[in-house]
Each structure stands twice: as structure tokens, then as C-alpha cells.
Amino acid sequence: MDNQINKKGKERVAIYIDGSNFYGYLKDKEINYPAGVKFSFKGMIDFLVGERICVSKRYYTGVFRNTDKTEKSQQLVYGQQKFFTNLEKDGFTIKRGRIMPIGKMYKEKGTDVKIAVDLIVGAVDNIYDTAVLISSDTDLIPAICYIKYKEKKIEYVGFAHAPSLGMQKYATISRLLLLEDIERFKEKKIL
């Protein structure tokens with residue numbers, strides 16, 4: 001595929017991270033990522049991109065709101081804003097969704113649609129040669145199919161302990177993070 005290489009001869013890669021999905025997997029008992037230890041998204045992206053050219057890094061997540069005016073909510077909002085600031089310093093674009101109360105639970109809304117739209121727009125506008133999707137959410141499969149129709153590659157990044165077979169089936173390339181991969185992205189304690 002001639003359109004898979006840019007003028008410098010290197011593949012252009014755009015990164016799409018489903019933040020809540022990723023965080024949920026980090027908290028799985030198989031990984032049990034320790035609280036208070038910063039995760040290096042920059043390190044992970046550098047690892048995944050390798051010798052290719054990263055043209056875009058996007059992080060999608062619901063945003064906490066201090067609607068009940070409690071100290072706990074205030075701390076969540078502050079912590080998330082600090083996290084966003086650090087990601088932006090590393091060159092990420094933050095794509096914000098909503099966190100909505102549903103009964104006694106909270107659900108993230110709007111992020112899957114934003115990821116799907118950005119994946120498709122990136123393919124149509126020829127922003128990337130390969131989209132690296134760090135999400136195991138099979139709701140994104142229709143967007144993946146369209147990307148492949150546009151002759152772009154889709155690289156699914158998941159976790160070795162719980163791979164999404166659906167994502168692996170439709171992705172061009174599948175990369176599963178091992179425990180030792182996660183270990184290499186731990187940074188210093190922040191508490």
C-alpha cells in the first residue's frame with residue numbers, strides 16, 4: 001500500500017486511548033496497579049509507536065463534576081484536572097465525555113462516540129496510516145471496519161490477561177500488553 005508511508009518513509013500513527021476502559025483493566029486483580037503510582041502514558045506511547053511517527057495522541061474520558069459539593073468530589077475533580085494537565089504537557093489532546101449518575105452507579109457517556117468519529121475522520125482526512133486504538137470496547141468495531149475499508153490499518157492494544165477477541169478479529173494488528181510491559185510504565189509514587 002503506497003498510502004501507508006509518508007514522504008519521510010515512515011508510517012504515521014495516531015493514538016486513541018479509551019481512558020476509562022484502560023483504567024478499568026489496570027485495576028483488574030490480574031494487574032492490580034497500585035494506587036498512588038503514576039502510570040507513564042508517554043512511556044507507553046513511545047513503546048507502542050517505536051520507529052514510526054506519532055502524528056496525534058488523544059485521551060478520551062468522562063469528566064468528574066463536583067455536583068454534590070462534597071470534599072471527596074472536590075478531590076476527584078482536582079485529581080483529574082491535575083492528571084489532564086500532565087497529559088497535555090506530554091502532547092495529548094483530552095477529549096471529554098460526561099459522567100452521569102444512573103441509580104447509585106455512575107456511567108461514562110459520550111466518549112465511545114467521540115472515539116469512533118475521530119477514528120473515521122482521521123481515516124477520511126488521511127491523518128494517519130495506522131490508528132492505534134487502546135480500548136477493548138467492541139462498540140468501536142463498526143468504526144474499525146470503516147477504517148479498514150478506507151485502506152488504513154488499525155492496531156488494537158489490549159491486555160494479555162483479558163484480550164477482546166472481537167477487537168482482535170477486526171483489527172489489522174493486535175498487541176497485548178503483558179504484566180512486564182505494565183511494570184516498565186510505572187513512575188515514582190505521587191502520594
# chains A, B, ... in the order shown; residues from 1 in each chain; ligands from 1
$ closest_atom_pairs --of "stretch 43-90 of chain A" --to "stretch 95-108 of chain A" --cutoff "12 Å" --atoms "only C-alpha atoms" --output "Markdown table"
| residue | atom | partner | partner_atom | distance |
| --- | --- | --- | --- | --- |
| A:Lys57 | CA | A:Lys95 | CA | 10.4 |
| A:Arg58 | CA | A:Lys95 | CA | 6.8 |
| A:Tyr59 | CA | A:Lys95 | CA | 5.9 |
| A:Tyr60 | CA | A:Lys95 | CA | 4.7 |
| A:Thr61 | CA | A:Arg96 | CA | 5.4 |
| A:Gly62 | CA | A:Gly97 | CA | 4.1 |
| A:Val63 | CA | A:Arg98 | CA | 5.4 |
| A:Phe64 | CA | A:Ile99 | CA | 6.3 |
| A:Arg65 | CA | A:Ile99 | CA | 7.9 |
| A:Asn66 | CA | A:Ile99 | CA | 11.0 |
| A:Thr67 | CA | A:Pro101 | CA | 10.5 |
| A:Asp68 | CA | A:Pro101 | CA | 11.5 |
| A:Val77 | CA | A:Ile99 | CA | 11.7 |
| A:Gln80 | CA | A:Arg96 | CA | 11.4 |
| A:Gln81 | CA | A:Arg96 | CA | 11.4 |
| A:Phe84 | CA | A:Lys95 | CA | 10.1 |
| A:Leu87 | CA | A:Lys95 | CA | 11.5 |
| A:Glu88 | CA | A:Lys95 | CA | 11.0 |
$ closest_atom_pairs --of "stretch 61-86 of chain A" --to "stretch 31-39 of chain A" --cutoff "12 Å" --atoms "only C-alpha atoms" --output "Markdown table"
| residue | atom | partner | partner_atom | distance |
| --- | --- | --- | --- | --- |
| A:Gly79 | CA | A:Gly36 | CA | 11.3 |
| A:Lys82 | CA | A:Lys38 | CA | 11.9 |
| A:Phe83 | CA | A:Lys38 | CA | 9.6 |
| A:Asn86 | CA | A:Lys38 | CA | 10.7 |
$ atom_distance --atom1 "atom CA of A:Thr85" --atom2 "atom CA of A:Lys42"
13.3 Å
$ select_by_dssp --residues "stretch 53-125 of chain A" --states "alpha helix (DSSP H)" --output "PyMOL selection string"
chain A and resi 71-89+111-124
$ residues_around --residues "A:Ile154" --least-positions-apart "4" --cutoff "7 Å" --atoms "only C-alpha atoms" --output "number ranges by chain"
A: 130-132, 144, 171-173
$ write_last_selection --atoms "C-alpha atoms" --output "PDB file, in the first residue's frame"
ATOM      1  CA  THR A 130      -2.303   3.370  11.310  1.00  0.00           C
ATOM      2  CA  ALA A 131      -4.713   4.130  14.133  1.00  0.00           C
ATOM      3  CA  VAL A 132      -3.547   2.655  17.435  1.00  0.00           C
ATOM      4  CA  ILE A 144     -12.738  -0.202  12.763  1.00  0.00           C
ATOM      5  CA  ALA A 171      -8.063  -5.226  13.867  1.00  0.00           C
ATOM      6  CA  THR A 172      -5.229  -5.321  11.351  1.00  0.00           C
ATOM      7  CA  ILE A 173      -2.687  -5.812  14.135  1.00  0.00           C
TER       8      ILE A 173
END
$ residues_around --residues "A:Val49" --least-positions-apart "3" --cutoff "12 Å" --atoms "only C-alpha atoms" --output "ChimeraX atom specification"
/A:10-15,41-46,52-57,130-133,155,157,175
$ write_last_selection --atoms "C-alpha atoms" --output "PDB file, in the first residue's frame"
ATOM      1  CA  LYS A  10       7.850   6.345   7.950  1.00  0.00           C
ATOM      2  CA  GLU A  11       4.399   5.195   8.897  1.00  0.00           C
ATOM      3  CA  ARG A  12       2.166   7.852  10.502  1.00  0.00           C
ATOM      4  CA  VAL A  13       0.452   6.706  13.698  1.00  0.00           C
ATOM      5  CA  ALA A  14      -2.426   8.285  15.612  1.00  0.00           C
ATOM      6  CA  ILE A  15      -3.105   7.143  19.179  1.00  0.00           C
ATOM      7  CA  PHE A  41       1.327   7.212  29.220  1.00  0.00           C
ATOM      8  CA  LYS A  42       4.184   8.919  27.393  1.00  0.00           C
ATOM      9  CA  GLY A  43       6.388   5.865  28.007  1.00  0.00           C
ATOM     10  CA  MET A  44       3.668   3.514  26.784  1.00  0.00           C
ATOM     11  CA  ILE A  45       3.086   5.572  23.638  1.00  0.00           C
ATOM     12  CA  ASP A  46       6.811   5.738  22.879  1.00  0.00           C
ATOM     13  CA  ARG A  52       7.053   5.232  13.405  1.00  0.00           C
ATOM     14  CA  ILE A  53       5.923   8.873  13.518  1.00  0.00           C
ATOM     15  CA  CYS A  54       3.247   9.805  16.056  1.00  0.00           C
ATOM     16  CA  VAL A  55       1.003  12.443  14.495  1.00  0.00           C
ATOM     17  CA  SER A  56      -1.686  12.588  17.190  1.00  0.00           C
ATOM     18  CA  LYS A  57      -2.274  11.420  20.781  1.00  0.00           C
ATOM     19  CA  THR A 130      -2.303   3.370  11.310  1.00  0.00           C
ATOM     20  CA  ALA A 131      -4.713   4.130  14.133  1.00  0.00           C
ATOM     21  CA  VAL A 132      -3.547   2.655  17.435  1.00  0.00           C
ATOM     22  CA  LEU A 133      -6.670   2.007  19.485  1.00  0.00           C
ATOM     23  CA  GLU A 155      -3.777  -1.618  15.706  1.00  0.00           C
ATOM     24  CA  VAL A 157      -3.867  -2.664  22.027  1.00  0.00           C
ATOM     25  CA  ARG A 175      -0.818  -6.110  20.548  1.00  0.00           C
TER      26      ARG A 175
END
$ atom_distance --atom1 "atom CA of A:Ile141" --atom2 "atom CA of A:Ala123"
14.5 Å
$ decode --residues "stretch 68-130 of chain A" --atoms "C-alpha atoms" --output "compact mmCIF listing (two decimals), in the first residue's frame"
# COMPACT_ATOMS: atom_id res chain seq x y z
CA ASP A 68 -22.77 17.19 45.45
CA LYS A 69 -20.23 19.71 46.84
CA THR A 70 -18.50 17.07 48.97
CA GLU A 71 -14.80 17.03 49.72
CA LYS A 72 -14.49 13.63 48.03
CA SER A 73 -15.98 15.02 44.79
CA GLN A 74 -13.74 18.07 45.05
CA GLN A 75 -10.67 15.81 45.40
CA LEU A 76 -11.76 13.71 42.40
CA VAL A 77 -12.20 16.82 40.27
CA TYR A 78 -8.84 18.25 41.39
CA GLY A 79 -7.01 14.95 40.82
CA GLN A 80 -8.50 14.52 37.37
CA GLN A 81 -7.65 18.09 36.34
CA LYS A 82 -4.06 17.59 37.52
CA PHE A 83 -3.94 14.34 35.51
CA PHE A 84 -5.26 16.17 32.40
CA THR A 85 -2.64 18.91 32.82
CA ASN A 86 0.14 16.31 32.92
CA LEU A 87 -1.20 14.53 29.82
CA GLU A 88 -1.44 17.84 27.95
CA LYS A 89 2.19 18.62 28.89
CA ASP A 90 3.08 15.32 27.18
CA GLY A 91 1.29 16.41 23.99
CA PHE A 92 -2.05 14.65 24.45
CA THR A 93 -5.37 16.12 23.42
CA ILE A 94 -8.03 15.43 26.05
CA LYS A 95 -11.43 14.51 24.63
CA ARG A 96 -14.00 14.93 27.36
CA GLY A 97 -17.21 12.98 27.87
CA ARG A 98 -19.68 13.08 30.74
CA ILE A 99 -20.10 11.05 33.89
CA MET A 100 -23.80 10.62 34.63
CA PRO A 101 -25.47 9.16 37.72
CA ILE A 102 -27.63 6.14 36.93
CA GLY A 103 -29.18 4.97 40.16
CA LYS A 104 -26.35 4.56 42.67
CA MET A 105 -23.80 3.99 39.90
CA TYR A 106 -22.04 6.41 37.61
CA LYS A 107 -21.70 5.75 33.88
CA GLU A 108 -19.48 7.42 31.34
CA LYS A 109 -21.35 8.87 28.37
CA GLY A 110 -20.22 10.25 25.03
CA THR A 111 -16.65 9.01 24.83
CA ASP A 112 -17.22 5.97 22.59
CA VAL A 113 -18.95 8.14 20.02
CA LYS A 114 -16.11 10.67 20.10
CA ILE A 115 -13.53 7.91 19.60
CA ALA A 116 -15.49 6.42 16.68
CA VAL A 117 -15.96 9.80 14.99
CA ASP A 118 -12.29 10.74 15.40
CA LEU A 119 -11.14 7.37 14.05
CA ILE A 120 -13.33 7.80 10.96
CA VAL A 121 -12.43 11.47 10.40
CA GLY A 122 -8.75 10.58 10.71
CA ALA A 123 -9.13 7.92 8.03
CA VAL A 124 -11.16 10.13 5.69
CA ASP A 125 -8.84 13.13 6.13
CA ASN A 126 -5.73 10.93 5.72
CA ILE A 127 -4.31 12.00 9.09
CA TYR A 128 -2.75 8.61 9.80
CA ASP A 129 -1.63 5.40 8.15
CA THR A 130 -2.30 3.37 11.31
